[in-house]
$ cat data-v2.txt   # compact mmCIF, C-alpha atoms
# COMPACT_ATOMS: atom_id res chain seq x y z
CA MET P 1 64.32 -50.43 -57.09
CA ALA P 2 61.89 -47.77 -55.96
CA GLU P 3 63.33 -44.81 -54.11
CA ILE P 4 63.31 -44.90 -50.34
CA LYS P 5 60.76 -42.59 -48.81
CA SER P 6 60.51 -41.27 -45.33
CA PHE P 7 57.31 -42.29 -43.52
CA VAL P 8 56.35 -40.51 -40.32
CA TYR P 9 53.59 -42.03 -38.19
CA ILE P 10 51.93 -39.66 -35.73
CA ASN P 11 50.29 -41.47 -32.78
CA ARG P 12 47.94 -39.35 -30.67
CA LYS P 13 45.48 -41.75 -29.02
CA ALA P 14 45.57 -43.68 -25.74
CA PRO P 15 45.69 -47.48 -26.13
CA HIS P 16 42.87 -49.97 -25.43
CA GLY P 17 39.90 -47.53 -25.35
CA THR P 18 39.95 -47.30 -29.15
CA ILE P 19 41.57 -49.45 -31.84
CA TYR P 20 43.84 -46.70 -33.26
CA ALA P 21 47.01 -47.62 -31.35
CA LEU P 22 46.90 -51.28 -32.37
CA GLU P 23 45.99 -50.46 -35.97
CA SER P 24 48.88 -48.01 -36.21
CA LEU P 25 51.32 -50.58 -34.86
CA GLU P 26 50.17 -53.16 -37.40
CA VAL P 27 50.50 -50.73 -40.29
CA VAL P 28 53.97 -49.75 -39.05
CA LEU P 29 55.08 -53.39 -38.95
CA ILE P 30 53.68 -54.13 -42.41
CA GLY P 31 55.19 -50.93 -43.83
CA ALA P 32 58.58 -51.70 -42.31
CA ALA P 33 58.77 -54.87 -44.41
CA PHE P 34 59.11 -52.65 -47.50
CA ASP P 35 62.50 -51.11 -46.79
CA GLN P 36 61.31 -47.57 -46.21
CA GLN P 37 62.63 -45.16 -43.63
CA VAL P 38 60.12 -45.11 -40.78
CA LYS P 39 59.93 -42.67 -37.87
CA LEU P 40 57.31 -42.72 -35.12
CA ILE P 41 55.98 -39.79 -33.13
CA PHE P 42 54.08 -40.28 -29.87
CA MET P 43 52.32 -37.14 -28.70
CA ASP P 44 49.12 -36.04 -26.92
CA ASP P 45 47.42 -39.19 -25.51
CA GLY P 46 49.65 -41.29 -27.78
CA VAL P 47 52.33 -41.17 -25.07
CA TYR P 48 50.19 -43.59 -23.02
CA GLN P 49 50.83 -46.27 -25.67
CA LEU P 50 54.37 -46.68 -24.35
CA THR P 51 53.75 -46.82 -20.59
CA LYS P 52 55.54 -49.62 -18.74
CA ASN P 53 53.75 -52.55 -17.10
CA GLN P 54 50.57 -52.53 -19.15
CA ASP P 55 48.32 -55.43 -18.26
CA PRO P 56 45.06 -55.38 -20.23
CA GLU P 57 44.01 -58.94 -19.37
CA GLY P 58 41.36 -57.61 -16.97
CA ILE P 59 39.61 -55.69 -19.75
CA GLY P 60 39.92 -58.56 -22.24
CA MET P 61 42.43 -56.92 -24.60
CA LYS P 62 45.64 -58.26 -26.10
CA ASN P 63 48.82 -56.86 -24.52
CA PHE P 64 50.26 -55.38 -27.69
CA SER P 65 52.46 -53.03 -25.64
CA LYS P 66 55.03 -55.85 -25.70
CA THR P 67 55.21 -55.56 -29.48
CA TYR P 68 56.77 -52.08 -29.40
CA ALA P 69 59.97 -53.74 -28.14
CA ALA P 70 60.22 -55.55 -31.51
CA LEU P 71 60.36 -52.29 -33.50
CA GLY P 72 64.17 -52.33 -33.32
CA ASP P 73 64.17 -55.69 -35.15
CA TYR P 74 62.18 -53.98 -37.91
CA ASP P 75 64.91 -51.32 -38.25
CA ILE P 76 62.79 -48.62 -36.67
CA THR P 77 65.35 -46.62 -34.75
CA GLU P 78 63.84 -43.16 -34.46
CA ILE P 79 61.01 -42.85 -31.96
CA TYR P 80 60.10 -39.29 -30.97
CA ILE P 81 58.31 -38.55 -27.69
CA ASP P 82 56.76 -35.15 -27.12
CA GLN P 83 58.02 -33.73 -23.83
CA GLU P 84 55.10 -31.32 -23.46
CA SER P 85 52.51 -34.12 -23.77
CA LEU P 86 54.24 -36.08 -21.00
CA GLU P 87 54.29 -33.06 -18.69
CA GLN P 88 50.60 -32.27 -19.18
CA ARG P 89 49.83 -35.82 -18.12
CA GLY P 90 52.02 -35.96 -15.04
CA LEU P 91 54.37 -38.43 -16.75
CA SER P 92 58.09 -38.51 -17.40
CA ILE P 93 60.23 -40.49 -19.84
CA ASP P 94 60.94 -42.97 -17.01
CA ASP P 95 57.28 -44.00 -17.07
CA LEU P 96 57.73 -45.28 -20.63
CA GLN P 97 59.33 -48.52 -21.74
CA GLU P 98 62.85 -48.11 -23.12
CA LEU P 99 62.92 -49.06 -26.81
CA VAL P 100 66.24 -50.06 -28.32
CA TYR P 101 67.80 -51.29 -31.54
CA GLU P 102 71.04 -53.06 -32.38
CA ASP P 103 73.32 -50.97 -34.57
CA GLU P 104 74.51 -53.14 -37.43
CA ASP P 105 77.22 -50.61 -38.32
CA ASP P 106 78.60 -50.50 -34.78
CA ASP P 107 79.18 -54.17 -33.87
CA TRP P 108 75.47 -54.70 -33.04
CA LYS P 109 75.74 -52.41 -30.06
CA GLU P 110 72.39 -51.84 -28.36
CA LYS P 111 71.26 -48.23 -28.63
CA SER P 112 68.19 -46.32 -27.52
CA SER P 113 65.58 -45.44 -30.14
CA MET P 114 63.83 -42.98 -27.81
CA ARG P 115 64.19 -39.26 -28.45
CA LEU P 116 62.53 -36.88 -26.03
CA VAL P 117 61.81 -33.74 -28.03
CA SER P 118 60.24 -30.29 -27.92
CA ARG P 119 57.36 -29.15 -30.14
CA GLU P 120 59.86 -27.24 -32.24
CA GLN P 121 61.92 -30.38 -32.87
CA LEU P 122 58.74 -32.34 -33.66
CA ALA P 123 57.78 -29.75 -36.24
CA SER P 124 61.04 -30.35 -38.09
CA VAL P 125 60.55 -34.15 -37.97
CA ILE P 126 57.12 -33.65 -39.54
CA ASP P 127 58.52 -31.24 -42.13
CA SER P 128 61.11 -33.84 -43.15
CA ALA P 129 58.52 -36.50 -44.05
CA ASP P 130 57.60 -37.63 -47.55
CA VAL P 131 54.49 -39.33 -46.21
CA LEU P 132 52.58 -38.57 -42.99
CA LEU P 133 50.27 -41.13 -41.44
CA ASN P 134 47.95 -40.17 -38.60
CA PHE P 135 46.44 -42.43 -35.96
CA MET K 1 38.86 -78.17 -41.24
CA PRO K 2 39.38 -79.61 -37.78
CA LEU K 3 42.61 -81.41 -36.94
CA GLU K 4 42.56 -84.70 -35.10
CA VAL K 5 45.49 -85.69 -32.89
CA ASN K 6 45.39 -88.69 -30.53
CA GLY K 7 41.61 -88.76 -30.56
CA THR K 8 41.17 -85.07 -29.72
CA THR K 9 39.81 -82.64 -32.29
CA TYR K 10 41.33 -79.14 -32.60
CA GLU K 11 39.79 -76.22 -34.39
CA THR K 12 41.72 -74.63 -37.27
CA ASP K 13 40.96 -71.83 -39.72
CA GLU K 14 40.42 -72.30 -43.46
CA GLU K 15 44.18 -72.27 -44.11
CA GLY K 16 44.89 -74.84 -41.44
CA TYR K 17 46.20 -72.48 -38.74
CA LEU K 18 45.37 -73.51 -35.19
CA ALA K 19 42.40 -71.49 -33.90
CA ASN K 20 43.56 -71.41 -30.25
CA LEU K 21 47.20 -70.74 -29.46
CA SER K 22 46.86 -72.55 -26.15
CA ASP K 23 45.96 -75.83 -27.90
CA TRP K 24 49.49 -76.20 -29.27
CA SER K 25 51.77 -79.13 -28.44
CA PRO K 26 54.72 -80.71 -30.28
CA GLU K 27 52.40 -83.56 -31.35
CA ILE K 28 50.06 -81.04 -32.95
CA ALA K 29 52.99 -79.43 -34.78
CA GLY K 30 53.83 -82.87 -36.18
CA ALA K 31 50.22 -83.44 -37.25
CA LEU K 32 50.02 -80.01 -38.93
CA ALA K 33 53.20 -80.81 -40.86
CA LEU K 34 51.89 -84.24 -41.83
CA ALA K 35 48.77 -82.57 -43.25
CA ASP K 36 51.16 -80.72 -45.63
CA ASP K 37 52.99 -83.99 -46.42
CA SER K 38 56.11 -82.90 -44.56
CA GLU K 39 57.96 -84.25 -41.58
CA LEU K 40 59.67 -82.19 -38.88
CA ALA K 41 63.40 -82.62 -38.29
CA ASP K 42 65.78 -80.82 -35.92
CA GLY K 43 66.23 -77.92 -38.34
CA HIS K 44 62.49 -77.28 -38.37
CA TRP K 45 62.25 -77.45 -34.60
CA GLU K 46 64.97 -74.82 -34.16
CA VAL K 47 62.87 -72.39 -36.17
CA ILE K 48 59.56 -73.41 -34.60
CA ASN K 49 60.95 -73.01 -31.09
CA PHE K 50 62.49 -69.67 -31.99
CA LEU K 51 59.14 -68.43 -33.31
CA ARG K 52 57.29 -69.51 -30.19
CA GLU K 53 59.79 -67.69 -27.97
CA TYR K 54 59.59 -64.59 -30.17
CA TYR K 55 55.82 -64.61 -29.97
CA GLU K 56 55.86 -65.07 -26.21
CA GLU K 57 58.12 -62.04 -25.82
CA TYR K 58 56.69 -59.65 -28.43
CA GLN K 59 53.16 -60.95 -29.09
CA ILE K 60 53.78 -61.08 -32.84
CA ALA K 61 55.18 -63.49 -35.38
CA PRO K 62 58.14 -61.75 -37.01
CA ALA K 63 58.21 -60.81 -40.71
CA VAL K 64 60.41 -63.08 -42.80
CA ARG K 65 63.20 -60.49 -43.05
CA VAL K 66 63.29 -60.15 -39.26
CA LEU K 67 63.13 -63.91 -38.81
CA THR K 68 66.05 -64.47 -41.20
CA LYS K 69 68.23 -61.90 -39.47
CA ALA K 70 67.38 -63.19 -35.98
CA ILE K 71 67.98 -66.84 -36.90
CA GLY K 72 71.37 -65.86 -38.34
CA LYS K 73 72.29 -64.17 -35.11
CA ARG K 74 71.08 -67.06 -32.95
CA LEU K 75 72.01 -70.12 -35.02
CA GLY K 76 74.76 -68.85 -37.30
CA LYS K 77 75.08 -67.37 -40.79
CA ASP K 78 74.69 -70.75 -42.54
CA LYS K 79 71.11 -70.87 -41.23
CA GLY K 80 70.26 -67.17 -41.30
CA ASN K 81 69.61 -66.98 -45.03
CA SER K 82 66.51 -67.39 -47.11
CA LYS K 83 67.91 -70.33 -49.10
CA TYR K 84 68.25 -72.48 -45.97
CA LEU K 85 64.92 -71.36 -44.55
CA TYR K 86 63.06 -71.93 -47.82
CA GLU K 87 64.54 -75.42 -48.04
CA LEU K 88 63.10 -76.16 -44.61
CA PHE K 89 59.79 -74.45 -45.27
CA PRO K 90 59.13 -74.32 -49.02
CA TYR K 91 55.73 -72.62 -48.60
CA GLY K 92 57.47 -69.56 -47.10
CA PRO K 93 59.47 -69.74 -43.88
CA ALA K 94 57.42 -67.34 -41.78
CA LYS K 95 54.06 -68.54 -43.02
CA GLN K 96 54.64 -72.28 -42.85
CA ALA K 97 56.76 -72.34 -39.70
CA CYS K 98 54.23 -70.15 -37.87
CA LYS K 99 51.52 -72.59 -38.78
CA TYR K 100 53.40 -75.52 -37.22
CA ALA K 101 54.30 -73.34 -34.22
CA GLY K 102 50.59 -72.77 -33.62
CA LEU K 103 50.91 -69.01 -34.15
CA PRO K 104 48.67 -66.72 -36.17
CA LYS K 105 49.75 -65.90 -39.71
CA PRO K 106 52.45 -63.23 -39.46
CA THR K 107 51.52 -59.60 -40.04
CA GLY K 108 52.43 -58.69 -43.62
CA CYS K 109 53.65 -62.23 -44.14
CA VAL K 110 55.53 -63.76 -47.03
CA MET L 1 17.90 -38.71 -6.22
CA ALA L 2 21.48 -39.47 -7.10
CA THR L 3 23.00 -39.92 -10.52
CA LEU L 4 26.06 -41.93 -11.49
CA HIS L 5 27.96 -40.29 -14.33
CA THR L 6 30.34 -42.42 -16.36
CA VAL L 7 33.06 -40.88 -18.54
CA ASN L 8 35.02 -43.01 -21.02
CA LYS L 9 37.03 -40.49 -23.06
CA SER L 10 40.43 -39.03 -22.23
CA PRO L 11 40.02 -35.55 -20.70
CA PHE L 12 43.09 -34.45 -22.69
CA GLU L 13 41.34 -35.21 -25.96
CA ARG L 14 37.64 -34.52 -25.39
CA ASN L 15 35.65 -32.19 -23.18
CA SER L 16 33.21 -34.82 -21.85
CA LEU L 17 34.78 -34.82 -18.37
CA ASP L 18 34.45 -31.03 -18.16
CA THR L 19 30.83 -31.19 -19.35
CA CYS L 20 30.17 -33.91 -16.80
CA LEU L 21 31.79 -31.92 -13.98
CA SER L 22 29.71 -28.87 -14.82
CA LEU L 23 26.48 -30.85 -14.72
CA CYS L 24 27.13 -33.14 -11.78
CA ASN L 25 25.71 -31.86 -8.50
CA ASN L 26 27.28 -32.67 -5.17
CA SER L 27 25.07 -35.69 -4.48
CA GLY L 28 26.35 -37.28 -7.67
CA SER L 29 29.13 -39.72 -8.42
CA ILE L 30 31.49 -39.87 -11.37
CA LEU L 31 33.10 -43.10 -12.52
CA LEU L 32 36.10 -42.87 -14.86
CA ILE L 33 36.35 -45.86 -17.21
CA GLU L 34 38.24 -46.86 -20.38
CA ASP L 35 40.48 -44.02 -21.66
CA ALA L 36 39.06 -41.60 -19.09
CA VAL L 37 41.10 -43.26 -16.31
CA VAL L 38 44.15 -41.33 -17.51
CA GLY L 39 42.53 -38.31 -15.83
CA ALA L 40 42.70 -39.96 -12.41
CA LEU L 41 46.44 -39.40 -11.94
CA ARG L 42 47.96 -36.67 -9.76
CA ASN L 43 49.91 -33.74 -11.24
CA THR L 44 48.18 -33.56 -14.59
CA SER L 45 46.57 -30.54 -16.22
CA VAL L 46 43.11 -31.82 -15.16
CA SER L 47 43.80 -33.06 -11.62
CA GLU L 48 43.03 -29.71 -10.02
CA ARG L 49 39.51 -29.71 -11.50
CA LEU L 50 38.82 -33.18 -10.14
CA VAL L 51 40.12 -32.31 -6.67
CA LYS L 52 37.88 -29.23 -6.63
CA ALA L 53 34.84 -31.36 -7.52
CA ILE L 54 35.68 -33.84 -4.79
CA GLU L 55 36.01 -31.02 -2.25
CA SER L 56 32.57 -29.77 -3.24
CA GLY L 57 31.08 -33.18 -2.42
CA VAL L 58 31.15 -35.13 -5.68
CA LYS L 59 32.34 -38.70 -5.26
CA ILE L 60 34.80 -39.79 -7.93
CA PHE L 61 35.72 -43.36 -8.79
CA ALA L 62 38.02 -45.00 -11.33
CA LEU L 63 37.95 -48.52 -12.72
CA GLY L 64 41.07 -50.37 -11.54
CA GLU L 65 41.19 -52.80 -14.49
CA ASP L 66 41.46 -49.89 -16.93
CA LEU L 67 44.33 -48.32 -14.97
CA LYS L 68 46.13 -51.65 -14.86
CA ALA L 69 45.61 -52.18 -18.60
CA ARG L 70 47.35 -48.87 -19.31
CA GLY L 71 50.24 -49.44 -16.92
CA LEU L 72 49.11 -46.57 -14.67
CA PRO L 73 50.06 -47.36 -11.06
CA GLU L 74 47.38 -47.10 -8.37
CA ASP L 75 49.70 -45.18 -6.05
CA ARG L 76 49.73 -42.26 -8.48
CA VAL L 77 45.95 -41.84 -8.49
CA ILE L 78 44.58 -38.71 -6.79
CA GLU L 79 44.17 -39.66 -3.15
CA LYS L 80 40.45 -38.98 -2.85
CA ILE L 81 39.51 -40.98 -5.94
CA THR L 82 38.20 -44.43 -5.00
CA LEU L 83 39.23 -47.38 -7.13
CA VAL L 84 36.59 -49.96 -7.99
CA ASP L 85 36.55 -53.22 -9.96
CA TYR L 86 33.79 -54.41 -12.32
CA THR L 87 31.71 -55.63 -9.37
CA GLY L 88 32.07 -52.19 -7.83
CA PHE L 89 30.95 -50.66 -11.12
CA VAL L 90 27.74 -52.72 -11.01
CA LYS L 91 27.20 -51.83 -7.36
CA LEU L 92 27.53 -48.12 -8.11
CA ALA L 93 25.06 -48.45 -10.96
CA THR L 94 22.48 -50.13 -8.72
CA GLU L 95 23.02 -47.78 -5.76
CA ASN L 96 22.28 -44.73 -7.87
CA ASP L 97 18.86 -43.89 -9.28
CA ARG L 98 20.14 -43.52 -12.82
CA VAL L 99 23.27 -43.72 -14.92
CA GLN L 100 24.32 -40.98 -17.31
CA SER L 101 27.01 -42.05 -19.82
CA TRP L 102 29.00 -39.14 -21.26
CA LEU L 103 30.08 -40.82 -24.46

$ encode --input "data-v2.txt" --output "structure tokens"
Amino acid sequence: MAEIKSFVYINRKAPHGTIYALESLEVVLIGAAFDQQVKLIFMDDGVYQLTKNQDPEGIGMKNFSKTYAALGDYDITEIYIDQESLEQRGLSIDDLQELVYEDEDDDWKEKSSMRLVSREQLASVIDSADVLLNF
Amino acid sequence: MPLEVNGTTYETDEEGYLANLSDWSPEIAGALALADDSELADGHWEVINFLREYYEEYQIAPAVRVLTKAIGKRLGKDKGNSKYLYELFPYGPAKQACKYAGLPKPTGCV
Amino acid sequence: MATLHTVNKSPFERNSLDTCLSLCNNSGSILLIEDAVVGALRNTSVSERLVKAIESGVKIFALGEDLKARGLPEDRVIEKITLVDYTGFVKLATENDRVQSWL
């Protein structure tokens, strides 16, 4: 059995205008099938990936924003949101969809995966990674 | 290779997956299974229906590990294990069941 | 002789909106499309610049379909920005003498 590594995905692009957000999500889902520890960071324009009520039908894109809600099923339980990026964009955590997971070790209780953090806290998440992936 | 059901022809890809999600019907699921020399029973339908609901909600077909865990939660431990699911779908539960459910091949599928 | 300027990049990531604002005279119009629509909201670090341009006479528009795609509610768009749909986009393009795309 290979050792478990910590993968941190850094998402910094708005969805729909470019393919980065969707590509990142697909890589995350594929990677999660390999029993690694996965953490996601959403910062800069990446925070727009998690806005509620996305409806890209009018611009002919697939609504992959619904897929983020499945991350809990893939055992992704640590999702870091950069507070400063939200503020610069006139957004708050309430503008983002709430992502949850069911805690197997706590009678499948539903818990939030969302962690609103400062730049300082983000720096330590990045410093803890074995592998960094940027989108 | 196009699939013919009740006189209508449906487009599929080279592996036999339905080209348009919206074409799907239970009859088509039956025809897709027949093309693999299998027949759909209640056990298959439970999984197929689960996959369609999952796709509707999350816009993806779940990986086999996720499928197994979710089926166990929904239908009980005796069904939420790979032995049971592989008996139903010997070509790989996620891959084969998704095909009959009219869904795209799952991301990172087994 | 009026020019329609289109901007499609997020103003938080690229400087194309700033370049556009500095080169758009007050008979011009700016249409925010694709990722650039994120700049149309109130209370962001770019909203003041857009309001200033509007006050100086520049007309600013944003494509409604792109806002909707990104889950950005219309009622949070800067008041003096006009929302248009794809038909409105075409109309703007034909009403102006030329279109400058700040890619």

$ closest_residue --input "data-v2.txt" --among "L:Gly57, L:Gly64, L:Gly88, L:Gly39" --to "L:Ser27" --atoms "all atoms listed in the file"
L:Gly57

$ atom_distance --input "data-v2.txt" --atom1 "atom CA of L:Ser29" --atom2 "atom CA of L:Glu48"
17.2 Å

$ residues_around --input "data-v2.txt" --residues "L:Glu13" --least-positions-apart "4" --cutoff "8 Å" --atoms "all atoms listed in the file" --output "ChimeraX atom specification"
/P:44-45 /L:9

$ residues_near_point --input "data-v2.txt" --point "(43.3, -40.5, -13.3)" --cutoff "9 Å" --atoms "only C-alpha atoms" --output "list in words"
Leu32, Ala36, Val37, Val38, Gly39, Ala40, Leu41, Arg42, Thr44, Val46, Ser47, Ala62, Leu67, Leu72, Arg76, Val77, Ile78 and Ile81 of chain L

$ residues_around --input "data-v2.txt" --residues "L:Val84" --least-positions-apart "5" --cutoff "9 Å" --atoms "only C-alpha atoms" --output "list in words"
Leu31, Phe61, Ala62, Leu63, Gly64, Glu65 and Phe89 of chain L

$ build_atoms --input "data-v2.txt" --residues "stretch 35-51 of chain K" --atoms "N, CA and C atoms" --output "CSV table (one decimal), in the frame of the given file"
chain,number,residue,atom,x,y,z
K,35,ALA,N,49.9,-83.0,-42.4
K,35,ALA,CA,48.8,-82.6,-43.2
K,35,ALA,C,49.3,-81.9,-44.5
K,36,ASP,N,50.5,-81.3,-44.5
K,36,ASP,CA,51.2,-80.7,-45.6
K,36,ASP,C,52.1,-81.7,-46.3
K,37,ASP,N,52.1,-83.0,-45.9
K,37,ASP,CA,53.0,-84.0,-46.4
K,37,ASP,C,54.4,-83.7,-46.1
K,38,SER,N,54.7,-83.1,-44.9
K,38,SER,CA,56.1,-82.9,-44.6
K,38,SER,C,56.3,-83.5,-43.2
K,39,GLU,N,57.6,-83.7,-42.8
K,39,GLU,CA,58.0,-84.2,-41.6
K,39,GLU,C,59.0,-83.3,-40.9
K,40,LEU,N,58.8,-83.2,-39.6
K,40,LEU,CA,59.7,-82.2,-38.9
K,40,LEU,C,61.0,-82.8,-38.4
K,41,ALA,N,62.1,-82.2,-38.8
K,41,ALA,CA,63.4,-82.6,-38.3
K,41,ALA,C,64.0,-81.5,-37.4
K,42,ASP,N,65.2,-81.8,-36.9
K,42,ASP,CA,65.8,-80.8,-35.9
K,42,ASP,C,65.8,-79.4,-36.4
K,43,GLY,N,66.2,-79.3,-37.7
K,43,GLY,CA,66.2,-77.9,-38.3
K,43,GLY,C,64.9,-77.2,-38.3
K,44,HIS,N,63.8,-77.9,-38.5
K,44,HIS,CA,62.5,-77.3,-38.4
K,44,HIS,C,62.2,-76.9,-36.9
K,45,TRP,N,62.6,-77.8,-36.0
K,45,TRP,CA,62.2,-77.4,-34.6
K,45,TRP,C,63.0,-76.2,-34.1
K,46,GLU,N,64.2,-76.0,-34.6
K,46,GLU,CA,65.0,-74.8,-34.2
K,46,GLU,C,64.2,-73.6,-34.5
K,47,VAL,N,63.6,-73.6,-35.7
K,47,VAL,CA,62.9,-72.4,-36.2
K,47,VAL,C,61.5,-72.3,-35.4
K,48,ILE,N,60.9,-73.4,-35.3
K,48,ILE,CA,59.6,-73.4,-34.6
K,48,ILE,C,59.7,-72.9,-33.2
K,49,ASN,N,60.7,-73.4,-32.5
K,49,ASN,CA,61.0,-73.0,-31.1
K,49,ASN,C,61.3,-71.5,-31.0
K,50,PHE,N,62.1,-71.1,-32.0
K,50,PHE,CA,62.5,-69.7,-32.0
K,50,PHE,C,61.2,-68.8,-32.1
K,51,LEU,N,60.4,-69.2,-33.1
K,51,LEU,CA,59.1,-68.4,-33.3
K,51,LEU,C,58.2,-68.4,-32.1
